[in-house]
Structure formats: C-alpha cells, structure tokens
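J.: The structure's right below; bear with me while I get my questions together.
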Amino acid sequence: MNLVLCGMPGAGKSAVGAEIAARKGLRFADTDALIEARCGAIKEIFARHGEGYFRDLETETVRTLAACDGLVISTGGGLMMRPENRALLSVCTVVYLRAKVKTLAERMRGDATRPLLAGDMTARLQALIEERGSVYESAADFVVDTDGRSVEEIAEIIFKEVHL
C-alpha cells in the first residue's frame, strides 16, 4: 500500500511525507523532486515547454509510482486535477493536507520557484484553492487540517488514521 499526500503548495506535503517515511521506515517519493531530478527546474520546464508538458511529466511519474508498494508519495499541487492521475492513485490511501490561504502564504513567503504563484501570491493561492479544493476532498480518503500544527503533529494524526 502507498500513502499519498495531496494539497496546495505550502500545505506541508513534502515535510510531512518525509517525516512519515522516516518514522515508519518507508520510501519517500516527491513527484516534483523526481521530475526536477530528471528534467530540471519546474519553473524552467514551464517556461520552455508549458504547463501541459509538465502535467504530462507528472502523469508519467504517477504511473510509475502507483505501480510500486510501500511508498509515501508527496504530489505536486496540481497533480490531482487530472482525472487520470486520480484514477492511478485511487488504489492508494490519499490524505488531503488542507490549510488556509493565510497559512499557505506565510509558508510560501519568498519562494519564487512556483510559476503558478507568480504575482500576487495570496490572490493566486485563493483562486487555486477555489479551483482545487473540492477535487482534493473528493480524491481523499480523509482530510487533515494543517493550520497551527507541526509536521510531527500532522504525522501523528495520519498515523491514527492509517495503519502503515
């Protein structure tokens, strides 16, 4: 069984995923990091090839990861928007790490690596939450609110819900 963490940029998917994997002796896979290791910086991929190409790379990555077992997978913020990706990950336990816009903006302050958050980050985050939130919720087996919680606290909540 694989555990998948989905949610907005800044929700804590990578940090929580790494924490869970380390504490449970599982392998950790971050889809964005895997893509960057193979293809270069996401910002550059968007600039050179466009968002569609990047989303194709995400699907290719998810297809590979979903065929594995015993992984904790942190997904990129937009990955769950493709029905194909949700279908591939439906065999996994999916947790939506939810956070308010204010929390996300505070966590993301100074991060210029995310092309979809360029400009007014708070406004962009709000628009993305409105677009993605219901998709995350429908894809998730359960939701964890991350506002005001440490990585360790979030991991503990997940441990209570999922037997890894």
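Residue names in the structure tokens use chain letters A, B, ... in the order shown, residue numbers from 1 in each chain, and ligand numbers from 1 in the order shown.
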Write out, as CSV, each residue of stretch 12-34 of chain A that has an atom at most 7 Å from stretch 61-74 of chain A, together with the closest pair of atoms and their distance in Å to one decimal, counting only C-alpha atoms, rows going by chain and rising number.
T.:
residue,atom,partner,partner_atom,distance
A:Lys13,CA,A:Ser74,CA,5.4
A:Ser14,CA,A:Ser74,CA,5.6
A:Gly17,CA,A:Val72,CA,5.9
A:Ala21,CA,A:Val72,CA,6.1
A:Leu26,CA,A:Leu71,CA,6.0
A:Arg27,CA,A:Leu71,CA,5.0
A:Phe28,CA,A:Val72,CA,4.9
A:Ala29,CA,A:Ile73,CA,4.8
A:Asp30,CA,A:Ser74,CA,4.6
A:Thr31,CA,A:Ser74,CA,6.2
J.: Using DSSP on the backbone coordinates, identify all residues within chain A classified as alpha helix (DSSP H); present the result as a ChimeraX atom specification.
T.: /A:13-24,31-39,42-49,51-66,83-89,101-108,121-139,151-161
J.: Taking only C-alpha atoms into account, which of A:Met80, A:Val95, A:Glu130, A:Asp56 comes nearest A:Ala155?
T.: A:Val95
J.: For the atom pair atom CA of A:Asp32 and atom CA of A:Glu137, what is the interatomic distance in Å to one decimal place?
T.: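 Value for the atom CA of A:Asp32-atom CA of A:Glu137 distance: 20.9 Å.
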J.: Work out how far atom CA of A:Val94 is from atom CA of A:Ala33, in Å to one decimal.
T.: 19.1 Å
J.: Atom CA of A:Glu153 and atom CA of A:Val16 are how many Å apart?
T.: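 Between atom CA of A:Glu153 and atom CA of A:Val16 the gap works out to 9.3 Å.
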